[in-house]
Amino acid sequence: MTLTLLLMACLLTCAGQVAQKYAVESWRGPESGIAQKLRSPWLWLALLCLGLGLLVWLLVLQRLEVGIAYPMLSLNFVLITLVARYLFKETIDLRHWCGVGLVIAGVVLLGQHA
């Protein structure tokens, strides 16, 4: 159950960050006022996902020590890197991929402790 909650917190946070990216991308182009920006469905989706992610995260913190739980959020770096590469077509260099590999190794090591 705790692992499921942790993964949900990561996925909701990642989805919120992707929605943030889409929100700011939709603001490009002709000057738009604050009222138009506030009507962006991407902005509201981002707030919803990030808010739900926070609530799920609080449930995780009830079940795991913060020293174990917090580093597990590093999975967001992995997920966002994959999203950047495959959804936004961003170039990811070898050094970045090596960092992703180290993050995964760290999460695996910490996961064995939990």
# chains A, B, ... in the order shown; residues from 1 in each chain; ligands from 1
>>> residues_around(residues="A:Thr2", least_positions_apart="2", cutoff="12 Å", atoms="only C-alpha atoms", output="number ranges by chain")
A: 4-9, 56-65, 68-69, 72, 111, 114
>>> residues_around(residues="A:Pro71", least_positions_apart="5", cutoff="12 Å", atoms="only C-alpha atoms", output="VMD selection string")
chain A and resid 6 10 64 to 66 76 to 77 103 to 111 114
>>> atom_distance(atom1="atom CA of A:Leu3", atom2="atom CA of A:Val83")
21.9 Å
>>> select_by_dssp(residues="stretch 21-73 of chain A", states="helix (DSSP H, G or I)", output="JSON, numbers by chain")
{"A": [21, 22, 23, 24, 25, 26, 34, 35, 36, 37, 38, 41, 42, 43, 44, 45, 46, 47, 48, 49, 50, 51, 52, 53, 54, 55, 56, 57, 58, 59, 60, 61, 62, 63, 66, 67, 68, 69, 70, 71, 72]}
>>> closest_residue(among="A:Leu79, A:Ile92, A:Leu43, A:Ala84", to="A:Tyr22", atoms="only C-alpha atoms")
A:Leu43
>>> residues_around(residues="A:Pro41", least_positions_apart="5", cutoff="12 Å", atoms="only C-alpha atoms", output="list in words")
Gly16, Ala19, Gln20, Tyr22, Ala23, Val24, Ser26, Trp27, Gln36, Ala46, Leu47 and Leu48 of chain A
